[in-house]
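S.K.: Provided herewith is a single structure, encoded as structure tokens, for subsequent inquiry.
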Amino acid sequence: MKRYLILEDGTTYVGEGFGAAVSGVGELVFATGMCGYIETLTDPSYYGQIVLQTFPLIGNYGMIGDDAEGKCAVRGYVVREWCDTPSNFRSGGKLDDFLKENGVPGICGIDTRALTRRLREEGVMNALLCDEIPENIDAVKRYAVTGAVAAVTCGEKQTLSPSGDVKFRVALVDCGAKRNILRSLLERGCEVTVFPATATAAEILAASPDGVMLSNGPGDPAENTALISEIAKLLGRVPMFGICLGHQLMALAAGGKTVKLKYGHRGVNQPARDLVTGRTYITSQNHGYAVVGDSLPVGSVRFVNANDGTVEGVDYPAQNAFSVQFHPEACAGPHDTAFLFDRFCDLMKGEMTDAD
């Protein structure tokens, strides 16, 4: 079945359709991971976006429910080739069937290398996946990712307990949280109460948490004005750790600014350099916005991207808080920075120093 990928400037790629037989409009972005397509497809941070995989073969180990990081929120899927005969003892189905079940159109058979190079040179742009070329693409040009956090946050709070003794009580603000953030906290003896992004600072503090975790999530961080206001009320009141969107929201709550990147960082091979120790970590990332380091009235930049120098982490010692742009809980990896969850536990114990 012939399918078209039409960019907002009118450029058209012709390929073969798979997945759901529907049209999809979204912001076209590329992800560079050689594995982890299940986690990519189920990462709520991709809400409103059409994902282009740079690795040429996708779907070879099937779809594995236990590896899902959340609900599928992508608007479309672009690959060079998809595998119809997955081989893995844990496989529970095919990529094609998963996309159909979730109403996501896919396209294969196009030059994904050339398309990726174009996005790197010109920046992310809106696109349309369709089976018939429309008379005009005005709707594609007007498209914007809005209301993203509200679309992926949980409906009500819930509390989950670790298998052993409770060492800490953590309030997790769900902006589209990946499940492995929750797993990483539970493994460290944290009882986690998950709050929707609409929760107020008063509601969170009423639970008497030892610490607050701000999760990852989709969209423009500056759009979340109400949430930013509530985070500002929490800063300095309780130890805090922010990841990805949570990192950006914390910076905005502290009086900083964010900026949209040309094509963002999406993949499992982004180098983040620790300015305190000088060590560089390979990290998993998925974001299109970055914190402007010199806009922060408080705190200090701790990590920077070794490729482009953008801010990858900020320490707020006076507020007992820190944040990182990358994913220390990364699934399917790398796990180089998982120690940051231990750092959060030390912060809740009051043992963390500026050099940790």
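Letters A, B, ... go to the chains of the structure tokens in the order shown; residues in each chain start at 1; ligands are counted from 1 in the same order.
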Please run DSSP on the backbone and report, as a PyMOL selection string, all residues within range 39-237 of chain A that come out as helix (DSSP H, G or I).
M.R.: chain A and resi 39-41+44-46+65-67+95-101+112-122+138-142+148-152+179-187+201-206+221-223+225-234
S.K.: Would you mind writing down, as a ChimeraX atom specification, each residue of range 127-323 of chain A that DSSP on the backbone assigns to strand (DSSP E or B)?
M.R.: /A:127-130,158-160,168-174,190-196,211-214,240-243,257-274,280-292,300-305,311-316,321-323
S.K.: Choose the residue, out of A:Lys157, A:Met213, A:Lys178, A:Val291, that has the smallest atom-to-atom separation from Thr193 in chain A; count only C-alpha atoms.
M.R.: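 Looking at the shortest contact to Thr193 in chain A, the residue is A:Lys157.
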S.K.: Quick one: everything within 7 Å of range 35-52 of chain A, counting only C-alpha atoms, minus sequence neighbours fewer than 2 positions away in the same chain. Send it as a ChimeraX atom specification.
M.R.: /A:26-31,33,54,63,67-79,145,148,152,176,178,216-218,331-332
S.K.: Keeping only N, CA, C and O atoms, take the residues you just selected and write them out as a compact mmCIF listing (two decimals), in the first residue's frame.
M.R.:
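After the write, part-v9.txt holds the following:
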# COMPACT_ATOMS: atom_id res chain seq x y z
N GLY A 26 2.04 15.65 12.68
CA GLY A 26 2.84 15.84 13.87
C GLY A 26 4.14 16.54 13.56
O GLY A 26 4.44 16.86 12.40
N GLU A 27 4.92 16.78 14.60
CA GLU A 27 6.25 17.36 14.45
C GLU A 27 7.20 16.20 14.16
O GLU A 27 7.33 15.28 14.96
N LEU A 28 7.89 16.25 13.03
CA LEU A 28 8.78 15.17 12.62
C LEU A 28 10.13 15.32 13.31
O LEU A 28 10.82 16.33 13.15
N VAL A 29 10.52 14.29 14.08
CA VAL A 29 11.79 14.29 14.80
C VAL A 29 12.49 12.96 14.55
O VAL A 29 11.86 11.98 14.18
N PHE A 30 13.81 12.93 14.76
CA PHE A 30 14.53 11.67 14.56
C PHE A 30 15.16 11.19 15.86
O PHE A 30 15.56 11.97 16.72
N ALA A 31 15.19 9.84 16.01
CA ALA A 31 15.78 9.19 17.18
C ALA A 31 16.90 8.27 16.71
O ALA A 31 16.71 7.51 15.75
N GLY A 33 18.71 5.78 18.41
CA GLY A 33 19.02 4.54 19.09
C GLY A 33 19.08 3.34 18.16
O GLY A 33 18.26 3.20 17.25
N THR A 54 16.57 6.35 12.90
CA THR A 54 17.73 6.36 12.03
C THR A 54 18.29 4.96 11.80
O THR A 54 18.89 4.69 10.76
N MET A 63 7.29 -6.91 19.79
CA MET A 63 6.80 -5.99 20.82
C MET A 63 6.67 -6.75 22.13
O MET A 63 6.10 -7.84 22.18
N ASP A 67 8.31 -4.23 28.53
CA ASP A 67 9.32 -3.20 28.26
C ASP A 67 8.71 -1.83 27.96
O ASP A 67 9.44 -0.87 27.75
N ALA A 68 7.40 -1.75 27.93
CA ALA A 68 6.74 -0.48 27.64
C ALA A 68 6.99 0.52 28.76
O ALA A 68 6.96 0.18 29.94
N GLU A 69 7.24 1.77 28.39
CA GLU A 69 7.49 2.83 29.36
C GLU A 69 6.25 3.65 29.68
O GLU A 69 6.25 4.46 30.60
N GLY A 70 5.18 3.45 28.94
CA GLY A 70 3.94 4.18 29.15
C GLY A 70 3.01 3.92 27.98
O GLY A 70 3.17 2.93 27.26
N LYS A 71 2.05 4.80 27.80
CA LYS A 71 1.12 4.66 26.68
C LYS A 71 1.72 5.25 25.41
O LYS A 71 2.44 6.24 25.45
N CYS A 72 1.40 4.63 24.28
CA CYS A 72 1.88 5.12 22.99
C CYS A 72 1.24 6.47 22.69
O CYS A 72 0.01 6.61 22.70
N ALA A 73 2.06 7.48 22.42
CA ALA A 73 1.54 8.84 22.19
C ALA A 73 2.03 9.43 20.88
O ALA A 73 1.74 10.59 20.59
N VAL A 74 2.78 8.67 20.07
CA VAL A 74 3.31 9.21 18.83
C VAL A 74 2.20 9.37 17.80
O VAL A 74 1.17 8.70 17.85
N ARG A 75 2.41 10.28 16.84
CA ARG A 75 1.43 10.55 15.78
C ARG A 75 1.75 9.81 14.48
O ARG A 75 0.92 9.77 13.57
N GLY A 76 2.95 9.25 14.40
CA GLY A 76 3.34 8.53 13.20
C GLY A 76 4.71 7.92 13.39
O GLY A 76 5.46 8.29 14.31
N TYR A 77 5.06 6.95 12.52
CA TYR A 77 6.31 6.22 12.67
C TYR A 77 6.95 6.04 11.30
O TYR A 77 6.30 5.58 10.35
N VAL A 78 8.24 6.42 11.18
CA VAL A 78 8.95 6.39 9.91
C VAL A 78 10.20 5.52 10.05
O VAL A 78 11.04 5.79 10.91
N VAL A 79 10.31 4.48 9.22
CA VAL A 79 11.45 3.57 9.28
C VAL A 79 11.92 3.23 7.87
O VAL A 79 11.17 3.37 6.91
N VAL A 145 2.42 21.40 18.81
CA VAL A 145 2.22 20.51 19.96
C VAL A 145 1.81 21.37 21.15
O VAL A 145 2.61 22.12 21.70
N ALA A 148 0.29 19.27 25.89
CA ALA A 148 0.93 17.95 25.89
C ALA A 148 0.93 17.29 27.27
O ALA A 148 0.57 16.11 27.39
N VAL A 152 -1.02 13.54 28.82
CA VAL A 152 -0.32 12.31 29.19
C VAL A 152 -0.21 12.09 30.70
O VAL A 152 0.18 11.00 31.14
N GLY A 176 4.20 12.81 32.45
CA GLY A 176 4.35 11.84 31.37
C GLY A 176 5.46 10.89 31.74
O GLY A 176 6.28 10.49 30.90
N LYS A 178 8.07 8.08 32.66
CA LYS A 178 8.43 6.75 32.20
C LYS A 178 8.41 5.80 33.39
O LYS A 178 8.78 6.17 34.50
N ASN A 216 9.90 13.36 33.45
CA ASN A 216 9.97 13.73 32.05
C ASN A 216 8.57 14.01 31.51
O ASN A 216 7.57 13.76 32.18
N GLY A 217 8.50 14.49 30.29
CA GLY A 217 7.21 14.74 29.65
C GLY A 217 7.39 15.47 28.34
O GLY A 217 8.49 15.85 27.96
N PRO A 218 6.30 15.68 27.61
CA PRO A 218 6.37 16.27 26.27
C PRO A 218 6.11 17.77 26.24
O PRO A 218 5.68 18.37 27.22
N CYS A 331 15.96 3.12 29.74
CA CYS A 331 15.65 1.79 29.22
C CYS A 331 15.50 1.95 27.72
O CYS A 331 14.72 2.76 27.27
N ALA A 332 16.26 1.27 26.90
CA ALA A 332 17.08 0.11 27.18
C ALA A 332 18.54 0.45 27.52
O ALA A 332 19.43 -0.35 27.30
S.K.: Under the rule of at most 7 Å, produce a per-residue listing of range 266-352 of chain A near range 229-243 of chain A: chain, number, name, the closest pair of atoms, and the distance in Å, as a tab-separated table, using only C-alpha atoms.
M.R.:
residue	atom	partner	partner_atom	distance
A:Gln319	CA	A:Gly236	CA	4.0
A:Asn320	CA	A:Pro239	CA	5.0
A:Ala321	CA	A:Met240	CA	4.5
A:Phe322	CA	A:Phe241	CA	5.2
A:Ser323	CA	A:Gly242	CA	4.3
A:Val324	CA	A:Ile243	CA	5.2
A:Gln325	CA	A:Ile243	CA	5.8
A:Phe326	CA	A:Ile243	CA	6.7
A:His327	CA	A:Ile243	CA	6.5
A:Phe344	CA	A:Phe241	CA	6.5
A:Leu347	CA	A:Pro239	CA	6.5
A:Met348	CA	A:Pro239	CA	6.0
S.K.: Those same residues, written as a PDB file, in the first residue's frame with N, CA and C atoms?
M.R.:
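File again01.pdb, as written:
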ATOM      1  N   GLN A 319      18.730  25.295  47.548  1.00  0.00           N
ATOM      2  CA  GLN A 319      17.339  24.826  47.528  1.00  0.00           C
ATOM      3  C   GLN A 319      17.230  23.314  47.749  1.00  0.00           C
ATOM      4  N   ASN A 320      18.365  22.640  48.028  1.00  0.00           N
ATOM      5  CA  ASN A 320      18.377  21.177  48.190  1.00  0.00           C
ATOM      6  C   ASN A 320      17.746  20.490  46.979  1.00  0.00           C
ATOM      7  N   ALA A 321      18.186  20.885  45.794  1.00  0.00           N
ATOM      8  CA  ALA A 321      17.591  20.359  44.570  1.00  0.00           C
ATOM      9  C   ALA A 321      18.649  20.228  43.481  1.00  0.00           C
ATOM     10  N   PHE A 322      18.385  19.356  42.522  1.00  0.00           N
ATOM     11  CA  PHE A 322      19.215  19.242  41.330  1.00  0.00           C
ATOM     12  C   PHE A 322      18.372  18.642  40.209  1.00  0.00           C
ATOM     13  N   SER A 323      18.857  18.799  38.987  1.00  0.00           N
ATOM     14  CA  SER A 323      18.098  18.298  37.841  1.00  0.00           C
ATOM     15  C   SER A 323      19.044  17.942  36.713  1.00  0.00           C
ATOM     16  N   VAL A 324      18.581  17.029  35.844  1.00  0.00           N
ATOM     17  CA  VAL A 324      19.358  16.649  34.670  1.00  0.00           C
ATOM     18  C   VAL A 324      18.441  16.571  33.457  1.00  0.00           C
ATOM     19  N   GLN A 325      18.995  16.904  32.289  1.00  0.00           N
ATOM     20  CA  GLN A 325      18.240  16.862  31.055  1.00  0.00           C
ATOM     21  C   GLN A 325      18.130  15.454  30.492  1.00  0.00           C
ATOM     22  N   PHE A 326      19.100  14.608  30.807  1.00  0.00           N
ATOM     23  CA  PHE A 326      19.134  13.249  30.294  1.00  0.00           C
ATOM     24  C   PHE A 326      18.357  12.299  31.201  1.00  0.00           C
ATOM     25  N   HIS A 327      18.326  11.007  30.812  1.00  0.00           N
ATOM     26  CA  HIS A 327      17.545  10.014  31.547  1.00  0.00           C
ATOM     27  C   HIS A 327      18.447   9.042  32.302  1.00  0.00           C
ATOM     28  N   PHE A 344      19.932  11.364  44.853  1.00  0.00           N
ATOM     29  CA  PHE A 344      18.659  11.882  45.341  1.00  0.00           C
ATOM     30  C   PHE A 344      18.356  11.328  46.734  1.00  0.00           C
ATOM     31  N   LEU A 347      20.402  13.110  49.184  1.00  0.00           N
ATOM     32  CA  LEU A 347      19.844  14.437  49.410  1.00  0.00           C
ATOM     33  C   LEU A 347      18.692  14.372  50.409  1.00  0.00           C
ATOM     34  N   MET A 348      17.852  13.344  50.284  1.00  0.00           N
ATOM     35  CA  MET A 348      16.736  13.188  51.221  1.00  0.00           C
ATOM     36  C   MET A 348      17.224  12.853  52.622  1.00  0.00           C
TER      37      MET A 348
END
